[in-house]
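start.cif follows; it contains mmCIF, N, CA and C atoms.
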data_start
loop_
_atom_site.label_atom_id
_atom_site.label_comp_id
_atom_site.auth_asym_id
_atom_site.auth_seq_id
_atom_site.Cartn_x
_atom_site.Cartn_y
_atom_site.Cartn_z
N MET A 1 97.03 101.57 86.76
CA MET A 1 97.04 102.89 86.16
C MET A 1 95.60 103.39 86.01
N SER A 2 95.41 104.66 86.26
CA SER A 2 94.08 105.26 86.20
C SER A 2 93.58 105.30 84.76
N LYS A 3 92.29 105.07 84.61
CA LYS A 3 91.66 105.14 83.30
C LYS A 3 91.26 106.57 82.96
N VAL A 4 91.41 107.47 83.92
CA VAL A 4 90.96 108.85 83.78
C VAL A 4 92.12 109.80 83.97
N LYS A 5 92.22 110.77 83.08
CA LYS A 5 93.18 111.86 83.27
C LYS A 5 92.37 113.12 83.54
N ILE A 6 92.65 113.76 84.67
CA ILE A 6 91.94 114.98 85.05
C ILE A 6 92.53 116.16 84.28
N HIS A 7 91.67 116.93 83.65
CA HIS A 7 92.13 118.13 82.93
C HIS A 7 91.98 119.39 83.76
N PHE A 8 90.87 119.48 84.50
CA PHE A 8 90.67 120.70 85.29
C PHE A 8 89.63 120.49 86.38
N LEU A 9 89.67 121.39 87.35
CA LEU A 9 88.68 121.50 88.43
C LEU A 9 88.34 122.98 88.51
N ILE A 10 87.08 123.33 88.31
CA ILE A 10 86.66 124.73 88.34
C ILE A 10 85.54 124.89 89.37
N PRO A 11 85.79 125.64 90.44
CA PRO A 11 84.71 125.89 91.41
C PRO A 11 83.71 126.91 90.86
N SER A 12 82.45 126.78 91.28
CA SER A 12 81.43 127.73 90.83
C SER A 12 81.64 129.12 91.42
N ARG A 13 82.32 129.17 92.57
CA ARG A 13 82.63 130.45 93.23
C ARG A 13 83.99 130.32 93.92
N ARG A 14 84.64 131.42 94.11
CA ARG A 14 85.92 131.44 94.84
C ARG A 14 85.74 131.90 96.28
N LYS A 15 84.59 132.54 96.56
CA LYS A 15 84.25 133.00 97.91
C LYS A 15 82.90 132.42 98.27
N ILE A 16 82.82 131.83 99.46
CA ILE A 16 81.52 131.31 99.91
C ILE A 16 81.33 131.68 101.38
N LYS A 17 80.11 131.58 101.82
CA LYS A 17 79.79 131.80 103.23
C LYS A 17 79.92 130.49 103.97
N ARG A 18 80.24 130.59 105.24
CA ARG A 18 80.32 129.38 106.08
C ARG A 18 79.03 128.59 105.97
N GLY A 19 79.18 127.29 105.83
CA GLY A 19 78.02 126.42 105.80
C GLY A 19 77.32 126.32 104.45
N GLU A 20 77.87 126.92 103.40
CA GLU A 20 77.31 126.76 102.06
C GLU A 20 78.01 125.60 101.35
N SER A 21 77.28 124.92 100.49
CA SER A 21 77.91 123.89 99.66
C SER A 21 78.55 124.56 98.45
N LEU A 22 79.40 123.83 97.75
CA LEU A 22 80.12 124.39 96.61
C LEU A 22 80.09 123.41 95.45
N ASN A 23 79.59 123.87 94.31
CA ASN A 23 79.60 123.06 93.09
C ASN A 23 80.93 123.24 92.37
N ILE A 24 81.44 122.14 91.84
CA ILE A 24 82.66 122.22 91.05
C ILE A 24 82.45 121.45 89.75
N LEU A 25 83.12 121.89 88.72
CA LEU A 25 83.10 121.25 87.42
C LEU A 25 84.45 120.57 87.24
N VAL A 26 84.42 119.29 86.90
CA VAL A 26 85.65 118.53 86.68
C VAL A 26 85.65 118.04 85.24
N GLY A 27 86.72 118.36 84.53
CA GLY A 27 86.87 117.89 83.15
C GLY A 27 87.90 116.79 83.10
N ILE A 28 87.58 115.73 82.38
CA ILE A 28 88.48 114.57 82.32
C ILE A 28 88.70 114.15 80.87
N HIS A 29 89.62 113.21 80.69
CA HIS A 29 89.82 112.55 79.41
C HIS A 29 90.01 111.07 79.68
N THR A 30 89.45 110.24 78.81
CA THR A 30 89.67 108.80 78.90
C THR A 30 89.77 108.23 77.49
N ASP A 31 90.63 107.23 77.34
CA ASP A 31 90.77 106.53 76.06
C ASP A 31 90.08 105.17 76.10
N GLU A 32 89.38 104.88 77.17
CA GLU A 32 88.73 103.58 77.31
C GLU A 32 87.67 103.39 76.23
N GLU A 33 87.48 102.15 75.84
CA GLU A 33 86.51 101.84 74.79
C GLU A 33 85.18 101.34 75.34
N GLU A 34 85.12 101.16 76.65
CA GLU A 34 83.88 100.73 77.29
C GLU A 34 83.60 101.62 78.50
N SER A 35 82.33 101.74 78.86
CA SER A 35 81.95 102.51 80.05
C SER A 35 82.52 101.85 81.29
N PHE A 36 82.78 102.64 82.30
CA PHE A 36 83.30 102.12 83.57
C PHE A 36 82.94 103.08 84.68
N ILE A 37 83.02 102.58 85.90
CA ILE A 37 82.77 103.41 87.09
C ILE A 37 84.10 103.99 87.56
N HIS A 38 84.11 105.31 87.78
CA HIS A 38 85.30 105.98 88.32
C HIS A 38 84.93 106.67 89.63
N GLU A 39 85.78 106.55 90.61
CA GLU A 39 85.55 107.23 91.89
C GLU A 39 86.32 108.54 91.88
N PHE A 40 85.56 109.63 91.85
CA PHE A 40 86.16 110.96 91.94
C PHE A 40 86.38 111.28 93.41
N LYS A 41 87.56 111.75 93.74
CA LYS A 41 87.87 112.17 95.11
C LYS A 41 88.36 113.60 95.09
N ILE A 42 87.85 114.38 96.03
CA ILE A 42 88.29 115.76 96.19
C ILE A 42 88.94 115.87 97.57
N PHE A 43 90.05 116.57 97.62
CA PHE A 43 90.80 116.74 98.86
C PHE A 43 90.83 118.21 99.25
N GLY A 44 90.91 118.46 100.54
CA GLY A 44 90.97 119.82 101.05
C GLY A 44 92.14 119.99 102.00
N ASP A 45 92.70 121.18 102.02
CA ASP A 45 93.83 121.48 102.91
C ASP A 45 93.63 122.89 103.47
N ILE A 46 93.66 123.00 104.81
CA ILE A 46 93.58 124.32 105.45
C ILE A 46 94.93 124.74 106.01
N GLY A 47 95.99 124.01 105.63
CA GLY A 47 97.33 124.38 106.05
C GLY A 47 98.09 123.28 106.78
N TYR A 48 97.45 122.13 106.99
CA TYR A 48 98.08 121.05 107.74
C TYR A 48 98.20 119.77 106.94
N GLY A 49 97.97 119.83 105.66
CA GLY A 49 98.00 118.65 104.82
C GLY A 49 96.61 118.30 104.32
N PHE A 50 96.57 117.57 103.24
CA PHE A 50 95.30 117.24 102.59
C PHE A 50 94.56 116.13 103.31
N ARG A 51 93.23 116.23 103.25
CA ARG A 51 92.36 115.14 103.68
C ARG A 51 91.19 115.06 102.71
N GLU A 52 90.67 113.86 102.54
CA GLU A 52 89.57 113.66 101.62
C GLU A 52 88.31 114.34 102.14
N ILE A 53 87.67 115.13 101.27
CA ILE A 53 86.44 115.82 101.66
C ILE A 53 85.24 115.39 100.83
N LEU A 54 85.48 114.66 99.75
CA LEU A 54 84.38 114.18 98.92
C LEU A 54 84.83 112.96 98.13
N SER A 55 83.96 111.98 98.06
CA SER A 55 84.20 110.80 97.23
C SER A 55 82.87 110.46 96.57
N ARG A 56 82.88 110.38 95.25
CA ARG A 56 81.65 110.08 94.53
C ARG A 56 81.97 109.24 93.29
N LYS A 57 81.19 108.20 93.09
CA LYS A 57 81.38 107.34 91.92
C LYS A 57 80.44 107.79 90.81
N ASN A 58 80.99 107.82 89.59
CA ASN A 58 80.22 108.19 88.41
C ASN A 58 80.52 107.21 87.29
N MET A 59 79.53 106.98 86.45
CA MET A 59 79.73 106.21 85.23
C MET A 59 80.45 107.10 84.22
N VAL A 60 81.54 106.62 83.66
CA VAL A 60 82.29 107.36 82.65
C VAL A 60 82.08 106.66 81.32
N GLU A 61 81.64 107.42 80.35
CA GLU A 61 81.40 106.88 79.02
C GLU A 61 82.72 106.79 78.25
N PRO A 62 82.80 105.91 77.26
CA PRO A 62 84.05 105.70 76.55
C PRO A 62 84.50 106.91 75.73
N GLY A 63 85.83 107.10 75.69
CA GLY A 63 86.44 108.13 74.87
C GLY A 63 86.00 109.54 75.18
N GLY A 64 86.67 110.48 74.57
CA GLY A 64 86.25 111.87 74.68
C GLY A 64 86.68 112.58 75.95
N ASN A 65 86.04 113.72 76.17
CA ASN A 65 86.39 114.60 77.27
C ASN A 65 85.15 114.99 78.06
N PRO A 66 84.57 114.05 78.79
CA PRO A 66 83.35 114.38 79.54
C PRO A 66 83.62 115.32 80.71
N HIS A 67 82.56 115.98 81.15
CA HIS A 67 82.60 116.90 82.29
C HIS A 67 81.63 116.39 83.34
N TYR A 68 81.99 116.60 84.60
CA TYR A 68 81.16 116.15 85.71
C TYR A 68 81.00 117.28 86.71
N TYR A 69 79.78 117.42 87.22
CA TYR A 69 79.52 118.36 88.30
C TYR A 69 79.51 117.59 89.61
N LEU A 70 80.28 118.06 90.56
CA LEU A 70 80.33 117.47 91.90
C LEU A 70 79.99 118.57 92.88
N THR A 71 79.41 118.21 94.01
CA THR A 71 79.08 119.19 95.04
C THR A 71 79.79 118.84 96.33
N ILE A 72 80.60 119.77 96.80
CA ILE A 72 81.25 119.61 98.11
C ILE A 72 80.21 120.01 99.15
N PRO A 73 79.92 119.12 100.09
CA PRO A 73 78.84 119.40 101.05
C PRO A 73 79.15 120.59 101.97
N SER A 74 78.08 121.20 102.45
CA SER A 74 78.18 122.41 103.26
C SER A 74 79.00 122.23 104.54
N GLU A 75 78.95 121.06 105.16
CA GLU A 75 79.69 120.88 106.42
C GLU A 75 81.20 121.04 106.26
N VAL A 76 81.72 120.83 105.06
CA VAL A 76 83.16 121.01 104.82
C VAL A 76 83.57 122.46 105.02
N PHE A 77 82.64 123.38 104.82
CA PHE A 77 82.94 124.81 104.94
C PHE A 77 82.47 125.38 106.27
N CYS A 78 82.46 124.53 107.29
CA CYS A 78 82.14 124.93 108.66
C CYS A 78 83.36 124.69 109.55
N ASP A 79 83.53 125.55 110.54
CA ASP A 79 84.66 125.42 111.45
C ASP A 79 84.67 124.08 112.18
N ASP A 80 83.50 123.57 112.56
CA ASP A 80 83.43 122.32 113.31
C ASP A 80 84.01 121.14 112.53
N TYR A 81 83.90 121.15 111.23
CA TYR A 81 84.42 120.06 110.41
C TYR A 81 85.94 119.92 110.57
N TRP A 82 86.62 121.06 110.70
CA TRP A 82 88.07 121.09 110.80
C TRP A 82 88.57 121.22 112.23
N GLY A 83 87.67 121.56 113.14
CA GLY A 83 88.06 121.71 114.54
C GLY A 83 88.72 123.03 114.87
N GLU A 84 88.59 123.99 113.99
CA GLU A 84 89.13 125.33 114.22
C GLU A 84 88.49 126.30 113.24
N GLU A 85 88.68 127.58 113.46
CA GLU A 85 88.13 128.58 112.55
C GLU A 85 88.92 128.55 111.24
N ILE A 86 88.19 128.53 110.15
CA ILE A 86 88.85 128.51 108.84
C ILE A 86 88.46 129.74 108.04
N GLU A 87 89.41 130.23 107.27
CA GLU A 87 89.17 131.38 106.41
C GLU A 87 89.36 131.04 104.94
N GLU A 88 90.07 129.94 104.69
CA GLU A 88 90.30 129.50 103.32
C GLU A 88 90.58 128.01 103.31
N ILE A 89 90.34 127.41 102.18
CA ILE A 89 90.61 126.00 101.99
C ILE A 89 91.08 125.80 100.56
N PHE A 90 92.12 125.04 100.40
CA PHE A 90 92.61 124.69 99.07
C PHE A 90 92.00 123.35 98.71
N ILE A 91 91.25 123.30 97.61
CA ILE A 91 90.65 122.05 97.17
C ILE A 91 91.41 121.54 95.95
N ALA A 92 91.54 120.22 95.85
CA ALA A 92 92.32 119.63 94.77
C ALA A 92 91.82 118.23 94.44
N MET A 93 92.27 117.72 93.31
CA MET A 93 91.86 116.39 92.85
C MET A 93 92.70 115.26 93.43
N ASP A 94 93.78 115.60 94.12
CA ASP A 94 94.59 114.57 94.77
C ASP A 94 95.36 115.17 95.94
N GLU A 95 96.07 114.32 96.66
CA GLU A 95 96.79 114.77 97.86
C GLU A 95 98.08 115.52 97.54
N ARG A 96 98.40 115.66 96.27
CA ARG A 96 99.56 116.46 95.86
C ARG A 96 99.16 117.89 95.50
N GLY A 97 97.85 118.14 95.45
CA GLY A 97 97.37 119.48 95.13
C GLY A 97 97.14 119.72 93.65
N SER A 98 97.10 118.64 92.86
CA SER A 98 96.92 118.79 91.42
C SER A 98 95.54 119.36 91.09
N HIS A 99 95.54 120.23 90.09
CA HIS A 99 94.30 120.84 89.58
C HIS A 99 93.51 121.47 90.72
N GLY A 100 94.19 122.25 91.54
CA GLY A 100 93.55 122.82 92.72
C GLY A 100 93.10 124.25 92.58
N SER A 101 92.38 124.68 93.60
CA SER A 101 91.85 126.04 93.62
C SER A 101 91.64 126.47 95.08
N MET A 102 91.98 127.70 95.38
CA MET A 102 91.79 128.26 96.70
C MET A 102 90.37 128.80 96.81
N ILE A 103 89.69 128.45 97.92
CA ILE A 103 88.35 128.92 98.20
C ILE A 103 88.40 129.74 99.48
N PHE A 104 87.87 130.94 99.44
CA PHE A 104 87.87 131.82 100.61
C PHE A 104 86.51 131.76 101.29
N ILE A 105 86.53 131.73 102.61
CA ILE A 105 85.30 131.57 103.39
C ILE A 105 85.02 132.84 104.15
N GLU A 106 83.80 133.36 103.98
CA GLU A 106 83.42 134.61 104.65
C GLU A 106 82.71 134.32 105.96
#
Could you render the structure as structure tokens?
Amino acid sequence: MSKVKIHFLIPSRRKIKRGESLNILVGIHTDEEESFIHEFKIFGDIGYGFREILSRKNMVEPGGNPHYYLTIPSEVFCDDYWGEEIEEIFIAMDERGSHGSMIFIE
């Protein structure tokens, strides 16, 4: 069972230009009494199913509701990354689309 419950994912922008990176704020909750390493994974879907676009490990402090800033790299928002022209991408905290947000690409 996961030690972390995701509360939200908030992108810094909803529209970006091709090839720009995107900062996101992730809010979590944990009841753990000791610090631990958690691997945050972000998934993206352009209409054919989710694939992992970011994986980053962070130290999570015990208890409370910490927030983490993650940056989705610029190559994710390029056509070459997906093998076709993209106009939007749905980003989420898991492959089910939980805590997701649509990002439009100009």
Evaluate the PyMOL selection byres (((chain A and resi 43-54 and name CA) around 10) and name CA) and record the selected residues as a PDB file with N, CA and C atoms, in the frame of the given file, following the chain and residue labels used in the document.
ATOM      1  N   GLU A  39      85.780 106.550  90.610  1.00  0.00           N
ATOM      2  CA  GLU A  39      85.550 107.230  91.890  1.00  0.00           C
ATOM      3  C   GLU A  39      86.320 108.540  91.880  1.00  0.00           C
ATOM      4  N   PHE A  40      85.560 109.630  91.850  1.00  0.00           N
ATOM      5  CA  PHE A  40      86.160 110.960  91.940  1.00  0.00           C
ATOM      6  C   PHE A  40      86.380 111.280  93.410  1.00  0.00           C
ATOM      7  N   LYS A  41      87.560 111.750  93.740  1.00  0.00           N
ATOM      8  CA  LYS A  41      87.870 112.170  95.110  1.00  0.00           C
ATOM      9  C   LYS A  41      88.360 113.600  95.090  1.00  0.00           C
ATOM     10  N   ILE A  42      87.850 114.380  96.030  1.00  0.00           N
ATOM     11  CA  ILE A  42      88.290 115.760  96.190  1.00  0.00           C
ATOM     12  C   ILE A  42      88.940 115.870  97.570  1.00  0.00           C
ATOM     13  N   SER A  55      83.960 111.980  98.060  1.00  0.00           N
ATOM     14  CA  SER A  55      84.200 110.800  97.230  1.00  0.00           C
ATOM     15  C   SER A  55      82.870 110.460  96.570  1.00  0.00           C
ATOM     16  N   ARG A  56      82.880 110.380  95.250  1.00  0.00           N
ATOM     17  CA  ARG A  56      81.650 110.080  94.530  1.00  0.00           C
ATOM     18  C   ARG A  56      81.970 109.240  93.290  1.00  0.00           C
ATOM     19  N   LEU A  70      80.280 118.060  90.560  1.00  0.00           N
ATOM     20  CA  LEU A  70      80.330 117.470  91.900  1.00  0.00           C
ATOM     21  C   LEU A  70      79.990 118.570  92.880  1.00  0.00           C
ATOM     22  N   THR A  71      79.410 118.210  94.010  1.00  0.00           N
ATOM     23  CA  THR A  71      79.080 119.190  95.040  1.00  0.00           C
ATOM     24  C   THR A  71      79.790 118.840  96.330  1.00  0.00           C
ATOM     25  N   ILE A  72      80.600 119.770  96.800  1.00  0.00           N
ATOM     26  CA  ILE A  72      81.250 119.610  98.110  1.00  0.00           C
ATOM     27  C   ILE A  72      80.210 120.010  99.150  1.00  0.00           C
ATOM     28  N   PRO A  73      79.920 119.120 100.090  1.00  0.00           N
ATOM     29  CA  PRO A  73      78.840 119.400 101.050  1.00  0.00           C
ATOM     30  C   PRO A  73      79.150 120.590 101.970  1.00  0.00           C
ATOM     31  N   GLU A  75      78.950 121.060 105.160  1.00  0.00           N
ATOM     32  CA  GLU A  75      79.690 120.880 106.420  1.00  0.00           C
ATOM     33  C   GLU A  75      81.200 121.040 106.260  1.00  0.00           C
ATOM     34  N   VAL A  76      81.720 120.830 105.060  1.00  0.00           N
ATOM     35  CA  VAL A  76      83.160 121.010 104.820  1.00  0.00           C
ATOM     36  C   VAL A  76      83.570 122.460 105.020  1.00  0.00           C
ATOM     37  N   TYR A  81      83.900 121.150 111.230  1.00  0.00           N
ATOM     38  CA  TYR A  81      84.420 120.060 110.410  1.00  0.00           C
ATOM     39  C   TYR A  81      85.940 119.920 110.570  1.00  0.00           C
ATOM     40  N   TRP A  82      86.620 121.060 110.700  1.00  0.00           N
ATOM     41  CA  TRP A  82      88.070 121.090 110.800  1.00  0.00           C
ATOM     42  C   TRP A  82      88.570 121.220 112.230  1.00  0.00           C
ATOM     43  N   GLU A  84      88.590 123.990 113.990  1.00  0.00           N
ATOM     44  CA  GLU A  84      89.130 125.330 114.220  1.00  0.00           C
ATOM     45  C   GLU A  84      88.490 126.300 113.240  1.00  0.00           C
ATOM     46  N   GLU A  85      88.680 127.580 113.460  1.00  0.00           N
ATOM     47  CA  GLU A  85      88.130 128.580 112.550  1.00  0.00           C
ATOM     48  C   GLU A  85      88.920 128.550 111.240  1.00  0.00           C
ATOM     49  N   ILE A  86      88.190 128.530 110.150  1.00  0.00           N
ATOM     50  CA  ILE A  86      88.850 128.510 108.840  1.00  0.00           C
ATOM     51  C   ILE A  86      88.460 129.740 108.040  1.00  0.00           C
ATOM     52  N   GLU A  87      89.410 130.230 107.270  1.00  0.00           N
ATOM     53  CA  GLU A  87      89.170 131.380 106.410  1.00  0.00           C
ATOM     54  C   GLU A  87      89.360 131.040 104.940  1.00  0.00           C
ATOM     55  N   GLU A  88      90.070 129.940 104.690  1.00  0.00           N
ATOM     56  CA  GLU A  88      90.300 129.500 103.320  1.00  0.00           C
ATOM     57  C   GLU A  88      90.580 128.010 103.310  1.00  0.00           C
ATOM     58  N   ILE A  89      90.340 127.410 102.180  1.00  0.00           N
ATOM     59  CA  ILE A  89      90.610 126.000 101.990  1.00  0.00           C
ATOM     60  C   ILE A  89      91.080 125.800 100.560  1.00  0.00           C
ATOM     61  N   PHE A  90      92.120 125.040 100.400  1.00  0.00           N
ATOM     62  CA  PHE A  90      92.610 124.690  99.070  1.00  0.00           C
ATOM     63  C   PHE A  90      92.000 123.350  98.710  1.00  0.00           C
ATOM     64  N   ILE A  91      91.250 123.300  97.610  1.00  0.00           N
ATOM     65  CA  ILE A  91      90.650 122.050  97.170  1.00  0.00           C
ATOM     66  C   ILE A  91      91.410 121.540  95.950  1.00  0.00           C
ATOM     67  N   ALA A  92      91.540 120.220  95.850  1.00  0.00           N
ATOM     68  CA  ALA A  92      92.320 119.630  94.770  1.00  0.00           C
ATOM     69  C   ALA A  92      91.820 118.230  94.440  1.00  0.00           C
ATOM     70  N   MET A  93      92.270 117.720  93.310  1.00  0.00           N
ATOM     71  CA  MET A  93      91.860 116.390  92.850  1.00  0.00           C
ATOM     72  C   MET A  93      92.700 115.260  93.430  1.00  0.00           C
ATOM     73  N   ASP A  94      93.780 115.600  94.120  1.00  0.00           N
ATOM     74  CA  ASP A  94      94.590 114.570  94.770  1.00  0.00           C
ATOM     75  C   ASP A  94      95.360 115.170  95.940  1.00  0.00           C
ATOM     76  N   GLU A  95      96.070 114.320  96.660  1.00  0.00           N
ATOM     77  CA  GLU A  95      96.790 114.770  97.860  1.00  0.00           C
ATOM     78  C   GLU A  95      98.080 115.520  97.540  1.00  0.00           C
ATOM     79  N   ARG A  96      98.400 115.660  96.270  1.00  0.00           N
ATOM     80  CA  ARG A  96      99.560 116.460  95.860  1.00  0.00           C
ATOM     81  C   ARG A  96      99.160 117.890  95.500  1.00  0.00           C
ATOM     82  N   GLY A  97      97.850 118.140  95.450  1.00  0.00           N
ATOM     83  CA  GLY A  97      97.370 119.480  95.130  1.00  0.00           C
ATOM     84  C   GLY A  97      97.140 119.720  93.650  1.00  0.00           C
ATOM     85  N   SER A  98      97.100 118.640  92.860  1.00  0.00           N
ATOM     86  CA  SER A  98      96.920 118.790  91.420  1.00  0.00           C
ATOM     87  C   SER A  98      95.540 119.360  91.090  1.00  0.00           C
ATOM     88  N   GLY A 100      94.190 122.250  91.540  1.00  0.00           N
ATOM     89  CA  GLY A 100      93.550 122.820  92.720  1.00  0.00           C
ATOM     90  C   GLY A 100      93.100 124.250  92.580  1.00  0.00           C
ATOM     91  N   SER A 101      92.380 124.680  93.600  1.00  0.00           N
ATOM     92  CA  SER A 101      91.850 126.040  93.620  1.00  0.00           C
ATOM     93  C   SER A 101      91.640 126.470  95.080  1.00  0.00           C
ATOM     94  N   MET A 102      91.980 127.700  95.380  1.00  0.00           N
ATOM     95  CA  MET A 102      91.790 128.260  96.700  1.00  0.00           C
ATOM     96  C   MET A 102      90.370 128.800  96.810  1.00  0.00           C
ATOM     97  N   ILE A 103      89.690 128.450  97.920  1.00  0.00           N
ATOM     98  CA  ILE A 103      88.350 128.920  98.200  1.00  0.00           C
ATOM     99  C   ILE A 103      88.400 129.740  99.480  1.00  0.00           C
TER     100      ILE A 103
END
List every residue of range 2-98 of chain A that DSSP, applied to the backbone, labels as helix (DSSP H, G or I), and write the result as a PDB file with N, CA and C atoms, in the coordinates of the input.
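The file below, out34.pdb, is the result:
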ATOM      1  N   SER A  74      78.080 121.200 102.450  1.00  0.00           N
ATOM      2  CA  SER A  74      78.180 122.410 103.260  1.00  0.00           C
ATOM      3  C   SER A  74      79.000 122.230 104.540  1.00  0.00           C
ATOM      4  N   GLU A  75      78.950 121.060 105.160  1.00  0.00           N
ATOM      5  CA  GLU A  75      79.690 120.880 106.420  1.00  0.00           C
ATOM      6  C   GLU A  75      81.200 121.040 106.260  1.00  0.00           C
ATOM      7  N   VAL A  76      81.720 120.830 105.060  1.00  0.00           N
ATOM      8  CA  VAL A  76      83.160 121.010 104.820  1.00  0.00           C
ATOM      9  C   VAL A  76      83.570 122.460 105.020  1.00  0.00           C
ATOM     10  N   PHE A  77      82.640 123.380 104.820  1.00  0.00           N
ATOM     11  CA  PHE A  77      82.940 124.810 104.940  1.00  0.00           C
ATOM     12  C   PHE A  77      82.470 125.380 106.270  1.00  0.00           C
ATOM     13  N   ASP A  79      83.530 125.550 110.540  1.00  0.00           N
ATOM     14  CA  ASP A  79      84.660 125.420 111.450  1.00  0.00           C
ATOM     15  C   ASP A  79      84.670 124.080 112.180  1.00  0.00           C
ATOM     16  N   ASP A  80      83.500 123.570 112.560  1.00  0.00           N
ATOM     17  CA  ASP A  80      83.430 122.320 113.310  1.00  0.00           C
ATOM     18  C   ASP A  80      84.010 121.140 112.530  1.00  0.00           C
ATOM     19  N   TYR A  81      83.900 121.150 111.230  1.00  0.00           N
ATOM     20  CA  TYR A  81      84.420 120.060 110.410  1.00  0.00           C
ATOM     21  C   TYR A  81      85.940 119.920 110.570  1.00  0.00           C
ATOM     22  N   TRP A  82      86.620 121.060 110.700  1.00  0.00           N
ATOM     23  CA  TRP A  82      88.070 121.090 110.800  1.00  0.00           C
ATOM     24  C   TRP A  82      88.570 121.220 112.230  1.00  0.00           C
TER      25      TRP A  82
END
Hits of the PyMOL selection byres ((chain A and resi 5) around 7) in this structure, as a VMD selection string: chain A and resid 2 to 4 6 to 8 27 to 31
Give the strand (DSSP E or B) residues of range 48-84 of chain A, as assigned by DSSP on the backbone, as a PyMOL selection string. chain A and resi 51-60+67-72
For Leu9 in chain A, please output as a PyMOL selection string all residues within 6 Å (counting all atoms listed in the file; exclusion window: fewer than 5 positions along the same chain). chain A and resi 25-27+99
What residues come out when you apply the PyMOL selection byres ((chain A and resi 15) around 6.5) to this file, written as a VMD selection string? chain A and resid 13 to 14 16 to 17 103 to 106
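Closest approach to Ser35 in chain A among A:His67, A:Phe77, A:Asn23, A:Glu61 is made by A:Glu61 (distances from only N, CA and C atoms).
As for CA of Glu34 in chain A and CA of Tyr68 in chain A, they are spaced 17.8 Å apart.
Between CA of Glu32 in chain A and CA of Ser12 in chain A the separation is 28.6 Å.
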